Every structure is written in C-alpha cells, then in structure tokens.
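K.L.:
File follows, structure_26.pdb with PDB, C-alpha atoms and all ligand atoms:
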```pdb
ATOM      1  CA  MET A  16     104.600  74.797 117.165  1.00  0.00           C
ATOM      2  CA  LYS A  17     108.286  75.466 117.370  1.00  0.00           C
ATOM      3  CA  ASN A  18     109.883  76.869 120.470  1.00  0.00           C
ATOM      4  CA  SER A  19     111.803  80.077 120.235  1.00  0.00           C
ATOM      5  CA  GLU A  20     115.026  78.986 121.930  1.00  0.00           C
ATOM      6  CA  PRO A  21     118.190  80.213 120.200  1.00  0.00           C
ATOM      7  CA  VAL A  22     119.309  77.668 117.598  1.00  0.00           C
ATOM      8  CA  LEU A  23     122.910  77.807 118.752  1.00  0.00           C
ATOM      9  CA  THR A  24     122.157  76.310 122.158  1.00  0.00           C
ATOM     10  CA  GLN A  25     124.469  73.405 122.875  1.00  0.00           C
ATOM     11  CA  VAL A  26     123.090  69.989 123.607  1.00  0.00           C
ATOM     12  CA  THR A  27     124.139  69.440 127.172  1.00  0.00           C
ATOM     13  CA  ASN A  28     121.192  67.957 128.964  1.00  0.00           C
ATOM     14  CA  ARG A  29     121.127  64.328 127.866  1.00  0.00           C
ATOM     15  CA  ARG A  30     119.213  63.342 130.960  1.00  0.00           C
ATOM     16  CA  GLY A  31     116.444  65.623 129.803  1.00  0.00           C
ATOM     17  CA  ILE A  32     115.670  63.207 126.991  1.00  0.00           C
ATOM     18  CA  PHE A  33     114.773  60.462 129.417  1.00  0.00           C
ATOM     19  CA  GLU A  34     112.963  62.743 131.802  1.00  0.00           C
ATOM     20  CA  TYR A  35     110.877  64.020 128.955  1.00  0.00           C
ATOM     21  CA  VAL A  36     110.110  60.637 127.403  1.00  0.00           C
ATOM     22  CA  LEU A  37     109.530  58.730 130.630  1.00  0.00           C
ATOM     23  CA  GLY A  38     107.686  61.484 132.398  1.00  0.00           C
ATOM     24  CA  GLY A  39     105.547  62.581 129.481  1.00  0.00           C
ATOM     25  CA  SER A  40     106.541  65.996 130.669  1.00  0.00           C
ATOM     26  CA  ALA A  41     105.648  69.141 128.799  1.00  0.00           C
ATOM     27  CA  ASP A  42     108.470  71.101 130.397  1.00  0.00           C
ATOM     28  CA  THR A  43     109.643  73.315 127.561  1.00  0.00           C
ATOM     29  CA  LYS A  44     113.120  73.704 129.080  1.00  0.00           C
ATOM     30  CA  LEU A  45     113.796  70.106 128.072  1.00  0.00           C
ATOM     31  CA  LEU A  46     113.192  71.011 124.441  1.00  0.00           C
ATOM     32  CA  ASN A  47     116.736  72.392 124.268  1.00  0.00           C
ATOM     33  CA  ILE A  48     117.880  68.830 123.683  1.00  0.00           C
ATOM     34  CA  ARG A  49     116.348  68.958 120.205  1.00  0.00           C
ATOM     35  CA  VAL A  50     119.099  71.238 119.015  1.00  0.00           C
ATOM     36  CA  PHE A  51     122.105  69.910 117.133  1.00  0.00           C
ATOM     37  CA  GLU A  52     125.609  71.145 117.761  1.00  0.00           C
ATOM     38  CA  GLU A  53     126.957  73.573 115.195  1.00  0.00           C
ATOM     39  CA  LYS A  54     129.707  71.207 114.024  1.00  0.00           C
ATOM     40  CA  VAL A  55     127.149  68.452 113.380  1.00  0.00           C
ATOM     41  CA  LYS A  56     125.039  70.844 111.333  1.00  0.00           C
ATOM     42  CA  LYS A  57     128.026  72.035 109.300  1.00  0.00           C
ATOM     43  CA  ALA A  58     129.227  68.502 108.554  1.00  0.00           C
ATOM     44  CA  THR A  59     125.744  67.378 107.561  1.00  0.00           C
ATOM     45  CA  TYR A  60     125.268  70.474 105.413  1.00  0.00           C
ATOM     46  CA  ALA A  61     128.563  69.908 103.587  1.00  0.00           C
ATOM     47  CA  LYS A  62     127.804  66.247 102.870  1.00  0.00           C
ATOM     48  CA  GLN A  63     124.230  66.917 101.776  1.00  0.00           C
ATOM     49  CA  THR A  64     125.161  69.877  99.572  1.00  0.00           C
ATOM     50  CA  GLN A  65     127.944  67.962  97.820  1.00  0.00           C
ATOM     51  CA  ALA A  66     125.589  65.081  97.026  1.00  0.00           C
ATOM     52  CA  ALA A  67     122.848  67.453  95.889  1.00  0.00           C
ATOM     53  CA  GLU A  68     125.132  69.395  93.563  1.00  0.00           C
ATOM     54  CA  ALA A  69     126.337  66.166  91.995  1.00  0.00           C
ATOM     55  CA  LYS A  70     122.733  65.248  91.217  1.00  0.00           C
ATOM     56  CA  GLY A  71     121.721  68.767  90.211  1.00  0.00           C
ATOM     57  CA  GLU A  72     118.983  68.993  92.762  1.00  0.00           C
ATOM     58  CA  SER A  73     118.242  71.016  95.876  1.00  0.00           C
ATOM     59  CA  ASN A  74     120.212  70.340  99.024  1.00  0.00           C
ATOM     60  CA  CYS A  75     116.908  70.432 100.887  1.00  0.00           C
ATOM     61  CA  PRO A  76     115.655  66.851 100.396  1.00  0.00           C
ATOM     62  CA  LEU A  77     112.042  67.982 100.616  1.00  0.00           C
ATOM     63  CA  CYS A  78     112.555  70.696  97.969  1.00  0.00           C
ATOM     64  CA  ALA A  79     114.358  68.147  95.777  1.00  0.00           C
ATOM     65  CA  ILE A  80     111.338  65.824  95.653  1.00  0.00           C
ATOM     66  CA  GLY A  81     108.900  68.689  95.180  1.00  0.00           C
ATOM     67  CA  HIS A  82     107.729  70.369  92.008  1.00  0.00           C
ATOM     68  CA  GLY A  83     108.296  73.964  93.008  1.00  0.00           C
ATOM     69  CA  ALA A  84     110.769  76.586  91.865  1.00  0.00           C
ATOM     70  CA  ASN A  85     113.196  75.497  94.580  1.00  0.00           C
ATOM     71  CA  LYS A  86     113.580  71.965  93.209  1.00  0.00           C
ATOM     72  CA  SER A  87     117.215  72.557  92.251  1.00  0.00           C
ATOM     73  CA  ARG A  88     118.015  75.369  94.636  1.00  0.00           C
ATOM     74  CA  ILE A  89     121.194  75.128  96.689  1.00  0.00           C
ATOM     75  CA  TYR A  90     120.585  76.808 100.018  1.00  0.00           C
ATOM     76  CA  ALA A  91     123.262  78.505 102.088  1.00  0.00           C
ATOM     77  CA  LEU A  92     123.932  77.058 105.520  1.00  0.00           C
ATOM     78  CA  ASN A  93     122.170  79.978 107.177  1.00  0.00           C
ATOM     79  CA  GLU A  94     119.058  79.338 105.073  1.00  0.00           C
ATOM     80  CA  MET A  95     118.719  75.835 106.487  1.00  0.00           C
ATOM     81  CA  ASP A  96     118.093  74.246 109.821  1.00  0.00           C
ATOM     82  CA  ALA A  97     118.777  70.833 111.288  1.00  0.00           C
ATOM     83  CA  ASP A  98     116.002  68.288 111.519  1.00  0.00           C
ATOM     84  CA  HIS A  99     115.852  65.009 113.407  1.00  0.00           C
ATOM     85  CA  VAL A 100     115.384  62.112 110.995  1.00  0.00           C
ATOM     86  CA  SER A 101     113.842  60.114 113.835  1.00  0.00           C
ATOM     87  CA  ALA A 102     111.727  62.311 116.044  1.00  0.00           C
ATOM     88  CA  TRP A 103     113.698  63.105 119.166  1.00  0.00           C
ATOM     89  CA  SER A 104     110.671  62.214 121.293  1.00  0.00           C
ATOM     90  CA  LYS A 105     110.923  58.650 119.933  1.00  0.00           C
ATOM     91  CA  ALA A 106     114.517  58.224 121.088  1.00  0.00           C
ATOM     92  CA  GLY A 107     115.876  60.244 118.176  1.00  0.00           C
ATOM     93  CA  GLU A 108     119.321  61.437 119.154  1.00  0.00           C
ATOM     94  CA  SER A 109     120.897  64.788 118.413  1.00  0.00           C
ATOM     95  CA  SER A 110     123.829  63.119 116.686  1.00  0.00           C
ATOM     96  CA  ALA A 111     125.121  63.320 113.133  1.00  0.00           C
ATOM     97  CA  LYS A 112     123.496  60.087 111.987  1.00  0.00           C
ATOM     98  CA  ASN A 113     120.109  61.429 112.991  1.00  0.00           C
ATOM     99  CA  CYS A 114     120.605  64.845 111.426  1.00  0.00           C
ATOM    100  CA  GLN A 115     119.412  66.165 108.097  1.00  0.00           C
ATOM    101  CA  MET A 116     119.360  69.748 106.939  1.00  0.00           C
ATOM    102  CA  LEU A 117     116.107  71.192 105.625  1.00  0.00           C
ATOM    103  CA  CYS A 118     115.446  74.647 104.249  1.00  0.00           C
ATOM    104  CA  VAL A 119     113.923  76.925 106.861  1.00  0.00           C
ATOM    105  CA  THR A 120     110.504  76.737 105.215  1.00  0.00           C
ATOM    106  CA  HIS A 121     110.356  72.949 105.290  1.00  0.00           C
ATOM    107  CA  ASN A 122     111.864  72.728 108.756  1.00  0.00           C
ATOM    108  CA  ARG A 123     109.124  75.002 110.064  1.00  0.00           C
ATOM    109  CA  ALA A 124     106.480  73.080 108.138  1.00  0.00           C
ATOM    110  CA  LYS A 125     107.474  69.841 109.843  1.00  0.00           C
ATOM    111  CA  GLY A 126     106.790  71.494 113.143  1.00  0.00           C
ATOM    112  CA  ASN A 127     107.291  70.043 116.574  1.00  0.00           C
ATOM    113  CA  ARG A 128     107.966  66.330 116.288  1.00  0.00           C
TER     114      ARG A 128
HETATM  115 ZN    ZN B   1     112.858  72.725 101.374  1.00  0.00          ZN
END
```
Show me the file's structure as structure tokens.

P.N.:
Amino acid sequence: MKNSEPVLTQVTNRRGIFEYVLGGSADTKLLNIRVFEEKVKKATYAKQTQAAEAKGESNCPLCAIGHGANKSRIYALNEMDADHVSAWSKAGESSAKNCQMLCVTHNRAKGNR
C-alpha cells in the first residue's frame, strides 16, 4: 500500500529514517522520508530519458524490459514517479544515486518497499 502524502513533500526528517529502522515503528508520519526532492527527480528523469531515447526504448526501465505496448514509450515527467533503487527501509537514501524514475503504473505496482 502506498501512503497518500503529497509527492512534493520535501525530505527534511533524516532522523526519521533511523527512528523507523531501529524502532521498527509503523508511524506513517515517518514515511515522508521516502520522497525525493523535486530537483533530484528532474535530474534523474533527464538522464534516464536521454539514455532511453538513444536506445529507442521506454524511459521507464520496467516498461523497457517488458513486452507491452509501452516498451518504447517516452513518458513525461508528470507521468512518472521516483522510486528507491534500494528500499529506503534497508538504508536506502533519498539521494540521486538511489533514485530511478518509473512510470506511475510500475511505481504503484512496486508498492510499499
Ligand atoms: Zn513502466
């Protein structure tokens, strides 16, 4: 399940990461830390889209390896959402090196990890 916090929320509560991990807490307020900053998302989107266009495949890496109609679809930034490459609950940071953009469908499908 995905929480319904606004996606534009800034990542400000770094301490929340440790409280959540160490405490095994289910406090949903701490889930705000999963959100990437807008500039990180934009930079990741630009890099990913450029590479995808060069290869003629979708800028959603999960669409690109699929067999569906979206295999070579280039999504707009507002059709995608940021995903943690390493799950944030396993010390995955909300930083650029841990960010990939997925289409909204795939981001939702990955769920809460
Ligand atoms: Zn996709």

K.L.:
CA of Lys56 (chain A) and CA of Cys114 (chain A), how far apart in Å?

P.N.:
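Computing it gives 7.5 Å between the two atoms.
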
K.L.:
Around ligand ZN 1 (chain B), at most 6 Å away and counting all atoms listed in the file, which residues are there? Put them as a list of chain:residue names, please.

P.N.:
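Answer in the requested format: A:Cys75, A:Leu77, A:Cys78, A:Leu117, A:Cys118, A:His121.
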
K.L.:
Calculate how many Å separate CA of Val50 (chain A) from CA of Ala124 (chain A), rounding to one decimal.

P.N.:
16.8 Å

K.L.:
When you draw a straight line from CA of Glu72 (chain A) to CA of Asn122 (chain A), how long is it in Å?

P.N.:
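So the two atoms, CA of Glu72 (chain A) and CA of Asn122 (chain A), lie 17.9 Å apart.
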
K.L.:
A:Ala97, A:Met116, A:Ile80, A:Ala111: which is nearest Thr64 (chain A), counting only C-alpha atoms?

P.N.:
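Between A:Ala97, A:Met116, A:Ile80, A:Ala111, the residue approaching Thr64 (chain A) most closely is A:Met116.
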
K.L.:
Nearest residue to Asp98 (chain A) out of A:Ala79, A:Ala84, A:Lys57, A:Lys125, using only C-alpha atoms?

P.N.:
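Result for the nearest residue to Asp98 (chain A): A:Lys125.
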
K.L.:
Selected by the PyMOL selection byres (((chain A and resi 100) around 6) and not hetatm) in the shown coordinates: which residues, as a list in words?

P.N.:
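Applied to this file, the PyMOL selection byres (((chain A and resi 100) around 6) and not hetatm) selects His99, Ser101, Asn113 and Cys114 of chain A.
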
K.L.:
Take every atom of region 56-61 of chain A listed in the file, pad by 3 Å on each side, and give me the axis-aligned box centre and edge lengths in Å, one decimal, as lines of an AutoDock Vina configuration file.

P.N.:
```
center_x = 127.1
center_y = 69.7
center_z = 107.5
size_x = 10.2
size_y = 10.7
size_z = 13.7
```

K.L.:
Within 7 Å of region 85-94 of chain A, which residues of region 52-77 of chain A show up? Give each one with its shortest atom-to-atom distance in Å (one decimal) and the two atoms involved, counting only C-alpha atoms, rows by chain then rising residue number, as a Markdown table.

P.N.:
```
| residue | atom | partner | partner_atom | distance |
| --- | --- | --- | --- | --- |
| A:Tyr60 | CA | A:Leu92 | CA | 6.7 |
| A:Gly71 | CA | A:Ser87 | CA | 6.2 |
| A:Glu72 | CA | A:Ser87 | CA | 4.0 |
| A:Ser73 | CA | A:Ser87 | CA | 4.1 |
| A:Asn74 | CA | A:Ile89 | CA | 5.4 |
```

K.L.:
Looking at all atoms listed in the file, which of A:Asp96, A:Gly81, A:Glu53, A:Ala66 is the one that sits closest to Gln115 (chain A)?

P.N.:
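So, comparing all the options, the nearest one is A:Asp96.
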